[in-house]
>>> print(open('my_file-v1.txt').read())   # compact mmCIF, C-alpha atoms
# COMPACT_ATOMS: atom_id res chain seq x y z
CA MET S 20 27.74 105.31 99.59
CA HIS S 21 30.60 103.60 97.88
CA PHE S 22 29.71 101.36 94.96
CA ILE S 23 32.24 98.74 93.85
CA THR S 24 31.88 96.86 90.60
CA GLY S 25 33.93 94.79 88.13
CA GLY S 26 33.91 91.29 86.64
CA ALA S 27 33.71 88.09 88.67
CA PHE S 28 36.93 86.85 90.33
CA ASN S 29 38.59 90.25 89.98
CA GLY S 30 39.33 90.73 93.67
CA LYS S 31 36.49 93.09 94.61
CA ARG S 32 35.94 91.59 98.08
CA LYS S 33 39.66 91.59 98.82
CA TRP S 34 39.91 95.21 97.73
CA VAL S 35 37.07 96.25 100.05
CA LYS S 36 38.57 94.29 102.96
CA ASN S 37 41.88 96.09 102.44
CA HIS S 38 40.26 99.47 102.00
CA TYR S 39 37.92 99.41 105.01
CA ALA S 40 38.97 98.39 108.51
CA GLN S 41 37.66 94.89 109.13
CA GLU S 42 36.91 95.05 112.85
CA HIS S 43 34.20 97.71 112.56
CA CYS S 44 32.30 96.18 109.72
CA LEU S 45 28.99 94.40 109.15
CA TRP S 46 29.27 92.22 106.05
CA LEU S 47 26.02 91.04 104.47
CA SER S 48 26.41 88.75 101.49
CA ALA S 49 23.70 87.56 99.12
CA TYR S 50 26.04 84.65 98.29
CA ASP S 51 25.65 83.42 101.88
CA GLY S 52 21.89 83.80 101.73
CA ASN S 53 21.83 86.96 103.87
CA THR S 54 19.05 89.38 103.16
CA LEU S 55 20.38 92.76 102.13
CA LYS S 56 17.22 94.42 103.43
CA LYS S 57 17.86 96.62 106.46
CA GLN S 58 16.49 95.15 109.68
CA CYS S 59 14.84 97.40 112.25
CA ASN S 60 16.86 96.48 115.35
CA GLU S 61 20.24 98.10 115.31
CA ALA S 62 23.48 98.66 116.93
CA LEU S 63 25.43 98.71 113.73
CA PRO S 64 29.15 99.26 113.19
CA GLU S 65 30.20 102.29 111.21
CA VAL S 66 30.85 100.38 108.01
CA VAL S 67 28.20 98.17 106.42
CA VAL S 68 29.04 96.15 103.30
CA LEU S 69 26.32 94.70 101.07
CA GLU S 70 27.84 92.08 98.78
CA GLY S 71 26.50 90.22 95.74
CA LEU S 72 23.93 92.69 94.44
CA GLU S 73 23.56 90.68 91.22
CA GLU S 74 22.70 87.56 93.23
CA TRP S 75 20.26 89.59 95.33
CA VAL S 76 18.57 90.69 92.09
CA ASN S 77 18.61 87.11 90.78
CA ILE S 78 16.73 85.62 93.72
CA GLN S 79 14.09 88.33 93.68
CA ILE S 80 13.23 88.35 90.00
CA ASP S 81 9.55 87.84 89.31
CA PRO S 82 8.86 87.44 85.58
CA ALA S 83 5.23 88.48 86.21
CA ILE S 84 6.20 92.01 87.32
CA LEU S 85 7.50 94.67 84.96
CA PRO S 86 11.32 94.91 85.24
CA ASP S 87 11.22 98.66 85.65
CA LYS S 88 8.86 98.39 88.61
CA GLN S 89 10.96 95.64 90.22
CA CYS S 90 14.09 97.69 89.83
CA ARG S 91 12.43 100.67 91.53
CA GLU S 92 11.30 98.41 94.37
CA MET S 93 14.79 97.03 94.89
CA MET S 94 16.17 100.54 95.00
CA GLN S 95 13.56 101.35 97.65
CA GLU S 96 14.97 98.53 99.77
CA ILE S 97 18.38 100.21 99.61
CA GLU S 98 16.93 103.57 100.70
CA PRO S 99 16.82 102.78 104.47
CA TRP S 100 20.54 101.99 104.28
CA LEU S 101 21.23 105.30 102.56
CA ALA S 102 19.20 107.10 105.25
CA TRP S 103 21.15 105.26 107.96
CA GLU S 104 24.44 106.35 106.41
CA LYS S 105 23.30 109.93 106.02
CA ALA S 106 22.35 110.23 109.72
CA ASP S 107 25.99 110.14 110.86
CA SER S 108 28.98 111.36 108.88
CA ARG S 109 31.18 108.54 110.24
CA ARG S 110 28.94 105.89 108.70
CA ARG S 111 29.76 104.31 105.40
CA LEU S 112 27.62 102.07 103.19
CA VAL S 113 29.64 99.95 100.75
CA ILE S 114 27.84 98.05 98.00
CA ILE S 115 29.56 95.39 95.85
CA GLY S 116 27.98 94.21 92.59
CA THR S 117 29.57 91.93 89.99
CA ASP S 118 29.41 93.17 86.41
CA ILE S 119 27.48 90.55 84.44
CA SER S 120 26.79 92.75 81.42
CA LYS S 121 29.65 92.02 79.04
CA GLY S 122 29.08 88.45 77.83
CA ILE S 123 27.07 86.97 75.00
CA VAL S 124 23.32 87.66 75.12
CA PRO S 125 21.89 84.72 77.09
CA ALA S 126 19.52 82.43 75.17
CA ASN S 127 17.39 82.11 78.28
CA LYS S 128 14.74 84.80 78.83
CA GLU S 129 15.11 84.88 82.63
CA GLU S 130 18.85 85.40 82.29
CA ARG S 131 18.31 88.30 79.90
CA MET S 132 15.92 89.83 82.40
CA TRP S 133 18.45 89.29 85.19
CA ARG S 134 21.15 91.00 83.19
CA ASP S 135 18.87 93.94 82.31
CA MET S 136 17.67 94.50 85.85
CA THR S 137 21.13 94.24 87.33
CA GLY S 138 22.40 96.83 84.86
CA TRP S 139 19.54 99.22 85.61
CA LEU S 140 20.00 98.81 89.35
CA TYR S 141 23.74 99.51 89.03
CA GLN S 142 23.01 102.70 87.11
CA ARG S 143 20.76 103.86 89.92
CA LEU S 144 23.31 102.88 92.57
CA ALA S 145 26.13 104.65 90.75
CA ALA S 146 23.98 107.77 90.45
CA LYS S 147 23.34 107.74 94.23
CA ALA S 148 26.95 106.88 95.14
CA GLU S 149 29.51 109.42 96.29
CA ARG S 150 32.24 107.16 95.03
CA VAL S 151 32.32 104.42 92.39
CA ASP S 152 35.28 102.12 91.80
CA LEU S 153 35.80 99.60 89.04
CA ILE S 154 38.05 96.75 90.17
CA TRP S 155 40.20 94.99 87.56
CA TYR S 156 42.35 92.22 89.05
CA GLY S 157 42.74 94.06 92.30
CA ILE S 158 43.43 97.49 90.76
CA GLU S 159 40.82 100.17 91.28
CA GLN S 160 39.77 102.79 88.81
CA THR S 161 37.74 105.49 90.53
CA ILE S 162 35.10 106.54 88.03
CA LYS S 163 33.19 108.82 90.39
CA ARG S 164 34.29 110.66 93.49
CA GLU S 165 32.25 113.39 95.17
CA ARG S 166 33.15 113.28 98.82
CA PHE S 167 35.54 110.53 99.93
CA MET Z 27 68.42 98.54 81.19
CA GLU Z 28 65.91 97.22 83.70
CA THR Z 29 67.05 93.95 85.19
CA GLU Z 30 63.68 92.32 84.82
CA GLN Z 31 60.26 93.51 83.91
CA LEU Z 32 56.80 91.97 83.70
CA ILE Z 33 54.10 93.53 81.54
CA PHE Z 34 50.55 92.15 81.58
CA ILE Z 35 48.13 92.83 78.72
CA SER Z 36 44.53 91.67 78.72
CA GLY Z 37 41.46 92.33 76.60
CA GLY Z 38 38.39 90.80 75.01
CA VAL Z 39 38.34 88.73 71.83
CA ARG Z 40 39.63 90.79 68.85
CA SER Z 41 40.42 93.74 71.09
CA GLY Z 42 43.82 94.15 69.45
CA LYS Z 43 45.71 92.93 72.53
CA SER Z 44 48.13 90.69 70.58
CA SER Z 45 49.11 93.37 68.05
CA PHE Z 46 49.56 95.81 70.92
CA ALA Z 47 51.83 93.33 72.70
CA GLU Z 48 53.86 92.59 69.58
CA THR Z 49 54.28 96.27 68.69
CA MET Z 50 55.31 97.08 72.25
CA ALA Z 51 57.82 94.22 72.22
CA ALA Z 52 59.30 95.37 68.91
CA ASP Z 53 59.65 98.96 70.19
CA LEU Z 54 61.20 97.83 73.46
CA SER Z 55 63.57 95.51 71.63
CA LYS Z 56 64.83 98.42 69.55
CA LYS Z 57 65.20 100.62 72.62
CA GLN Z 58 66.87 97.95 74.79
CA GLY Z 59 68.81 96.24 72.01
CA THR Z 60 67.18 92.97 73.01
CA ILE Z 61 66.23 89.97 70.88
CA LEU Z 62 62.55 89.16 70.32
CA HIS Z 63 61.16 85.79 71.33
CA TYR Z 64 57.64 84.52 70.95
CA ILE Z 65 56.46 81.76 73.26
CA ALA Z 66 53.63 79.84 71.67
CA CYS Z 67 51.68 77.46 73.92
CA GLY Z 68 49.08 76.43 71.35
CA VAL Z 69 48.83 72.76 70.46
CA ALA Z 70 47.52 71.77 67.01
CA SER Z 71 44.83 69.57 68.55
CA ASP Z 72 42.43 69.98 65.61
CA GLU Z 73 42.26 71.58 62.16
CA GLU Z 74 41.03 74.93 63.42
CA MET Z 75 43.85 75.20 65.95
CA ALA Z 76 46.41 74.09 63.34
CA ALA Z 77 45.17 76.81 60.97
CA ARG Z 78 45.41 79.44 63.72
CA ILE Z 79 48.97 78.39 64.53
CA THR Z 80 49.96 78.52 60.84
CA ARG Z 81 48.42 81.98 60.49
CA HIS Z 82 50.30 83.30 63.53
CA ARG Z 83 53.57 81.75 62.24
CA LYS Z 84 53.13 83.41 58.84
CA ASP Z 85 52.36 86.76 60.49
CA ARG Z 86 55.61 86.63 62.42
CA GLU Z 87 57.59 85.48 59.36
CA ASN Z 88 56.25 88.47 57.43
CA ALA Z 89 56.83 90.92 60.25
CA SER Z 90 59.41 93.69 59.80
CA VAL Z 91 61.23 92.48 62.91
CA ASP Z 92 62.77 89.07 63.60
CA TRP Z 93 61.01 86.75 66.03
CA SER Z 94 62.38 83.50 67.40
CA THR Z 95 59.47 81.21 68.17
CA TRP Z 96 59.47 78.71 71.02
CA GLU Z 97 56.70 76.18 70.92
CA CYS Z 98 56.14 74.99 74.44
CA PRO Z 99 52.71 73.83 75.61
CA ASP Z 100 53.40 73.70 79.36
CA HIS Z 101 55.97 73.87 82.18
CA LEU Z 102 57.65 76.87 80.62
CA GLN Z 103 60.43 76.90 83.21
CA ARG Z 104 61.93 74.10 81.04
CA ILE Z 105 62.90 76.71 78.44
CA ALA Z 106 63.65 79.57 80.85
CA ASN Z 107 67.39 78.90 81.00
CA HIS Z 108 67.68 79.45 77.23
CA PHE Z 109 67.12 83.17 77.78
CA SER Z 110 69.27 85.97 79.15
CA LYS Z 111 69.02 89.67 79.96
CA HIS Z 112 69.42 90.31 76.22
CA ASP Z 113 66.03 88.78 75.45
CA ILE Z 114 62.48 90.07 75.42
CA LEU Z 115 59.69 87.49 75.53
CA VAL Z 116 56.05 87.58 74.50
CA LEU Z 117 53.76 84.89 75.89
CA ASP Z 118 50.41 84.76 74.07
CA CYS Z 119 48.36 83.71 75.90
CA VAL Z 120 47.67 82.58 79.47
CA THR Z 121 44.36 80.92 78.54
CA THR Z 122 46.11 78.55 76.09
CA LEU Z 123 48.58 77.60 78.79
CA LEU Z 124 45.73 77.11 81.27
CA ASN Z 125 43.81 74.94 78.79
CA ASN Z 126 46.84 72.70 78.34
CA TYR Z 127 47.15 72.16 82.08
CA LEU Z 128 43.44 71.55 82.58
CA PHE Z 129 42.59 69.46 79.55
CA ASP Z 130 45.85 67.76 78.53
CA GLY Z 131 47.58 67.72 81.91
CA ASN Z 132 44.36 66.79 83.73
CA MET Z 133 45.13 69.14 86.59
CA SER Z 134 42.10 69.94 88.68
CA ASP Z 135 43.06 71.66 91.93
CA PRO Z 136 42.59 75.40 91.21
CA GLU Z 137 45.25 76.63 93.64
CA HIS Z 138 47.76 74.17 92.21
CA VAL Z 139 47.09 75.25 88.62
CA ILE Z 140 47.42 78.92 89.61
CA ASN Z 141 50.75 78.18 91.29
CA VAL Z 142 52.07 76.24 88.30
CA ILE Z 143 51.19 79.11 85.95
CA LEU Z 144 52.81 81.68 88.25
CA THR Z 145 55.95 79.53 88.52
CA ASP Z 146 56.14 79.43 84.71
CA LEU Z 147 55.80 83.19 84.37
CA ILE Z 148 58.20 84.06 87.18
CA SER Z 149 60.89 81.72 85.82
CA LEU Z 150 60.64 83.45 82.43
CA ARG Z 151 60.68 86.91 83.95
CA GLU Z 152 63.75 86.15 86.03
CA THR Z 153 65.89 85.03 83.13
CA SER Z 154 64.83 87.62 80.53
CA ALA Z 155 65.01 91.40 80.28
CA THR Z 156 61.27 91.79 79.75
CA LEU Z 157 58.36 89.36 79.75
CA ILE Z 158 55.10 90.48 78.13
CA VAL Z 159 52.14 88.27 79.05
CA VAL Z 160 48.91 88.40 77.04
CA SER Z 161 45.56 87.09 78.32
CA ASN Z 162 41.80 87.22 77.87
CA GLU Z 163 38.84 88.79 79.65
CA VAL Z 164 36.37 85.99 80.39
CA THR Z 165 34.60 86.90 83.62
CA GLN Z 166 32.15 89.64 82.80
CA GLY Z 167 29.12 87.84 81.41
CA VAL Z 168 26.11 86.34 83.14
CA PRO Z 169 27.51 83.71 85.55
CA PHE Z 170 27.56 80.19 84.14
CA GLU Z 171 25.84 77.46 86.07
CA GLN Z 172 28.23 74.70 84.96
CA PRO Z 173 30.79 74.27 87.77
CA SER Z 174 33.53 73.52 85.23
CA ILE Z 175 33.14 76.96 83.64
CA ARG Z 176 32.89 78.73 87.02
CA ASN Z 177 36.05 76.88 88.02
CA TYR Z 178 37.80 77.99 84.83
CA GLN Z 179 36.82 81.62 85.49
CA TYR Z 180 37.92 81.32 89.11
CA ILE Z 181 41.35 80.04 88.11
CA LEU Z 182 41.90 82.58 85.36
CA GLY Z 183 40.56 85.52 87.42
CA ASN Z 184 42.72 84.65 90.41
CA ALA Z 185 45.78 83.96 88.25
CA HIS Z 186 45.29 87.40 86.68
CA GLN Z 187 45.09 89.01 90.14
CA HIS Z 188 48.46 87.45 91.04
CA ILE Z 189 50.03 88.38 87.71
CA VAL Z 190 48.83 92.00 87.95
CA ASP Z 191 50.16 92.13 91.51
CA GLN Z 192 53.58 90.98 90.24
CA ALA Z 193 53.49 93.11 87.09
CA ASP Z 194 55.36 96.37 86.69
CA THR Z 195 52.83 97.50 84.12
CA ALA Z 196 49.32 96.26 83.29
CA TYR Z 197 47.04 97.17 80.40
CA LEU Z 198 43.46 96.49 79.45
CA VAL Z 199 43.01 96.81 75.69
CA GLU Z 200 39.60 98.00 74.45
CA ASN Z 201 38.92 98.30 70.71
CA GLY Z 202 42.60 98.51 69.92
CA MET Z 203 43.20 101.19 72.55
CA PRO Z 204 45.34 100.32 75.56
CA ILE Z 205 44.23 101.57 78.99
CA CYS Z 206 47.11 101.62 81.45
CA LYS Z 207 45.82 100.20 84.74
CA LYS Z 208 49.10 99.90 86.60
CA GLY Z 209 52.56 101.40 86.36
CA ALA Z 210 53.84 103.73 83.71
CA VAL Z 211 54.18 103.29 79.97
CA PRO Z 212 57.62 101.64 79.49
>>> encode(input="my_file-v1.txt", output="structure tokens")
Amino acid sequence: MHFITGGAFNGKRKWVKNHYAQEHCLWLSAYDGNTLKKQCNEALPEVVVLEGLEEWVNIQIDPAILPDKQCREMMQEIEPWLAWEKADSRRRLVIIGTDISKGIVPANKEERMWRDMTGWLYQRLAAKAERVDLIWYGIEQTIKRERF
Amino acid sequence: METEQLIFISGGVRSGKSSFAETMAADLSKKQGTILHYIACGVASDEEMAARITRHRKDRENASVDWSTWECPDHLQRIANHFSKHDILVLDCVTTLLNNYLFDGNMSDPEHVINVILTDLISLRETSATLIVVSNEVTQGVPFEQPSIRNYQYILGNAHQHIVDQADTAYLVENGMPICKKGAVP
């Protein structure tokens, strides 16, 4: 799995589109209201991109459930994708998440929770990833590389 | 001497990006034998801004190197033909220029504003030996709901992508320490 992060409007999507061949790609975006949960059907292309992880976290937040538990559950929803990728060495899962962690502490409690959970989820994703890139105005900095 | 060179420097508030830019300009000026110019886009729109401008002016007056200051709030290509390949320019910073276009110039179309800013920078780069552009990091917090702020971040983020693409060298300054993201240290 390849995890891509960086601030908003830094060219993450463009970088991924340049880096991975477009024609063999399934692009699921939380910004377009797509679910990022893996469906059971399946004739999938070799590259699957999940975009807008922070938005996916945002729409799922339930203030009644402990953040730690929610974060674990979200990670469990990513697991079927990781299993799919693992089943064939040609497959690649690409996950894009905007960094929302470096601003002023939000006054609003829900926003603080959003920020916390997104950060925790990103830590888990980065730990699972074979490669992690930080995109700064279109320039990548590879901060983890195990396989590709 | 390089015929033309664009260096982009960005960082958070009080990251030390301006001092880094000024020190780099002074070093390059010595090396290249070029004259230092400072392009100030700030407008003294209120007391706080006036005080900031005065402080920056005093800093440059007291500096060990000589700076010529050009106060130009917008459409920087107007002053571009005053420079030659014997000049090194520091523009600090893109956000001030952007603010002038958005709030004083009442520009609203994002792609147009981005183009106008790029035209300014390219015209300065073409006439000078080196142009150093300083800007701010403003896109890494929790997303704002107000469309005006999202729009501002969109414009600045996309302008930065274009500038970095054009730049020979690009730095992110963190806590006074420059991280070279593109190119080699000049």
>>> closest_atom_pairs(input="my_file-v1.txt", of="chain Z", to="chain S", cutoff="12 Å", atoms="only C-alpha atoms", output="tab-separated table")
residue	atom	partner	partner_atom	distance
Z:Phe34	CA	S:Tyr156	CA	11.1
Z:Ile35	CA	S:Tyr156	CA	11.9
Z:Ser36	CA	S:Trp155	CA	10.4
Z:Gly37	CA	S:Trp155	CA	11.3
Z:Gly38	CA	S:Lys121	CA	9.7
Z:Val39	CA	S:Gly122	CA	11.0
Z:Glu163	CA	S:Gly26	CA	8.9
Z:Val164	CA	S:Gly122	CA	8.1
Z:Thr165	CA	S:Ala27	CA	5.3
Z:Gln166	CA	S:Gly26	CA	4.5
Z:Gly167	CA	S:Gly122	CA	3.6
Z:Val168	CA	S:Ile119	CA	4.6
Z:Pro169	CA	S:Ile119	CA	6.9
Z:Phe170	CA	S:Pro125	CA	10.1
Z:Glu171	CA	S:Glu130	CA	11.2
Z:Arg176	CA	S:Ala27	CA	9.5
Z:Asn177	CA	S:Phe28	CA	10.3
Z:Tyr178	CA	S:Phe28	CA	10.5
Z:Gln179	CA	S:Phe28	CA	7.1
Z:Tyr180	CA	S:Phe28	CA	5.7
Z:Ile181	CA	S:Phe28	CA	8.4
Z:Leu182	CA	S:Phe28	CA	8.2
Z:Gly183	CA	S:Phe28	CA	4.8
Z:Asn184	CA	S:Phe28	CA	6.2
Z:Ala185	CA	S:Tyr156	CA	9.0
Z:His186	CA	S:Tyr156	CA	6.1
Z:Gln187	CA	S:Tyr156	CA	4.4
Z:His188	CA	S:Tyr156	CA	8.0
Z:Ile189	CA	S:Tyr156	CA	8.7
Z:Val190	CA	S:Tyr156	CA	6.6
Z:Asp191	CA	S:Gly157	CA	7.7
Z:Gln192	CA	S:Tyr156	CA	11.4
Z:Ala193	CA	S:Tyr156	CA	11.3
Z:Thr195	CA	S:Ile158	CA	11.5
Z:Ala196	CA	S:Ile158	CA	9.6
Z:Tyr197	CA	S:Trp155	CA	10.1
Z:Leu198	CA	S:Trp155	CA	8.9
Z:Ile205	CA	S:Gln160	CA	10.9
Z:Cys206	CA	S:Gln160	CA	10.5
Z:Lys207	CA	S:Ile158	CA	7.0
Z:Lys208	CA	S:Ile158	CA	7.4
Z:Gly209	CA	S:Ile158	CA	10.9
>>> closest_residue(input="my_file-v1.txt", among="Z:Ala70, Z:Leu115, Z:Val91, Z:Val199", to="Ser161 of chain Z", atoms="all atoms listed in the file")
Z:Val199
>>> atom_distance(input="my_file-v1.txt", atom1="atom CA of Arg32 of chain S", atom2="atom CA of Arg150 of chain S")
16.3 Å
>>> residues_around(input="my_file-v1.txt", residues="Ser108 of chain S", least_positions_apart="4", cutoff="10 Å", atoms="all atoms listed in the file", output="list in words")
Glu65, Trp103 and Glu104 of chain S
>>> atom_distance(input="my_file-v1.txt", atom1="atom CA of Arg143 of chain S", atom2="atom CA of Glu70 of chain S")
16.4 Å
>>> atom_distance(input="my_file-v1.txt", atom1="atom CA of Ile65 of chain Z", atom2="atom CA of Glu97 of chain Z")
6.1 Å
>>> axis_aligned_box(input="my_file-v1.txt", around="segment 109-119 of chain Z", padding_each_side="4 Å", output="lines of an AutoDock Vina configuration file")
center_x = 58.9
center_y = 86.7
center_z = 77.0
size_x = 29.1
size_y = 15.1
size_z = 13.9
>>> residues_around(input="my_file-v1.txt", residues="Val113 of chain S", least_positions_apart="5", cutoff="6 Å", atoms="all atoms listed in the file", output="ChimeraX atom specification")
/S:20-22,68
>>> residues_around(input="my_file-v1.txt", residues="Gly71 of chain S", least_positions_apart="2", cutoff="9 Å", atoms="all atoms listed in the file", output="mmCIF file with C-alpha atoms, keeping the file's coordinate frame")
data_model
loop_
_atom_site.group_PDB
_atom_site.id
_atom_site.type_symbol
_atom_site.label_atom_id
_atom_site.label_comp_id
_atom_site.auth_asym_id
_atom_site.auth_seq_id
_atom_site.Cartn_x
_atom_site.Cartn_y
_atom_site.Cartn_z
ATOM 1 C CA LEU S 47 26.020 91.040 104.470
ATOM 2 C CA SER S 48 26.410 88.750 101.490
ATOM 3 C CA ALA S 49 23.700 87.560 99.120
ATOM 4 C CA TYR S 50 26.040 84.650 98.290
ATOM 5 C CA LEU S 69 26.320 94.700 101.070
ATOM 6 C CA GLU S 73 23.560 90.680 91.220
ATOM 7 C CA GLU S 74 22.700 87.560 93.230
ATOM 8 C CA TRP S 75 20.260 89.590 95.330
ATOM 9 C CA VAL S 76 18.570 90.690 92.090
ATOM 10 C CA ILE S 114 27.840 98.050 98.000
ATOM 11 C CA ILE S 115 29.560 95.390 95.850
ATOM 12 C CA GLY S 116 27.980 94.210 92.590
ATOM 13 C CA THR S 117 29.570 91.930 89.990
#
>>> residues_around(input="my_file-v1.txt", residues="Ser41 of chain Z", least_positions_apart="5", cutoff="7 Å", atoms="only C-alpha atoms", output="PyMOL selection string")
chain Z and resi 199-202
>>> write_last_selection(input="my_file-v1.txt", atoms="C-alpha atoms", output="compact mmCIF listing (two decimals), in the frame of the given file")
# COMPACT_ATOMS: atom_id res chain seq x y z
CA VAL Z 199 43.01 96.81 75.69
CA GLU Z 200 39.60 98.00 74.45
CA ASN Z 201 38.92 98.30 70.71
CA GLY Z 202 42.60 98.51 69.92
>>> closest_residue(input="my_file-v1.txt", among="Z:Leu150, Z:Ala51, Z:Val159, Z:Cys67", to="His108 of chain Z", atoms="all atoms listed in the file")
Z:Leu150
>>> residues_around(input="my_file-v1.txt", residues="Met132 of chain S", least_positions_apart="3", cutoff="10 Å", atoms="only C-alpha atoms", output="ChimeraX atom specification")
/S:77,80-82,86,125,127-129,135-138
>>> decode(input="my_file-v1.txt", residues="segment 85-126 of chain S", atoms="C-alpha atoms", output="tab-separated table (two decimals), in the first residue's frame")
chain	number	residue	atom	x	y	z
S	85	LEU	CA	-14.69	6.38	21.92
S	86	PRO	CA	-12.27	7.79	19.30
S	87	ASP	CA	-9.84	4.94	19.75
S	88	LYS	CA	-12.54	2.37	19.03
S	89	GLN	CA	-13.76	4.30	15.96
S	90	CYS	CA	-10.25	4.54	14.63
S	91	ARG	CA	-9.78	0.78	14.98
S	92	GLU	CA	-13.08	0.20	13.18
S	93	MET	CA	-12.09	2.44	10.30
S	94	MET	CA	-8.82	0.61	9.98
S	95	GLN	CA	-10.80	-2.64	9.84
S	96	GLU	CA	-12.67	-1.27	6.84
S	97	ILE	CA	-9.34	-0.78	5.07
S	98	GLU	CA	-8.26	-4.36	5.82
S	99	PRO	CA	-10.23	-6.01	2.94
S	100	TRP	CA	-8.43	-3.67	0.54
S	101	LEU	CA	-5.06	-4.65	1.99
S	102	ALA	CA	-6.00	-8.32	1.64
S	103	TRP	CA	-7.07	-7.72	-1.98
S	104	GLU	CA	-3.73	-6.09	-2.74
S	105	LYS	CA	-1.77	-8.84	-1.05
S	106	ALA	CA	-3.46	-11.58	-3.12
S	107	ASP	CA	-1.69	-10.51	-6.34
S	108	SER	CA	1.71	-8.85	-6.57
S	109	ARG	CA	0.59	-6.69	-9.52
S	110	ARG	CA	-2.10	-5.02	-7.43
S	111	ARG	CA	-1.53	-1.69	-5.79
S	112	LEU	CA	-3.63	0.12	-3.19
S	113	VAL	CA	-3.01	3.88	-3.07
S	114	ILE	CA	-4.47	5.93	-0.23
S	115	ILE	CA	-4.52	9.76	-0.24
S	116	GLY	CA	-5.16	11.70	2.98
S	117	THR	CA	-4.85	15.45	3.46
S	118	ASP	CA	-2.80	16.56	6.44
S	119	ILE	CA	-5.13	18.60	8.67
S	120	SER	CA	-2.92	18.49	11.76
S	121	LYS	CA	-0.84	21.65	11.55
S	122	GLY	CA	-3.26	24.52	12.15
S	123	ILE	CA	-4.52	26.23	15.27
S	124	VAL	CA	-6.39	23.98	17.73
S	125	PRO	CA	-10.04	24.22	16.64
S	126	ALA	CA	-12.42	25.80	19.17
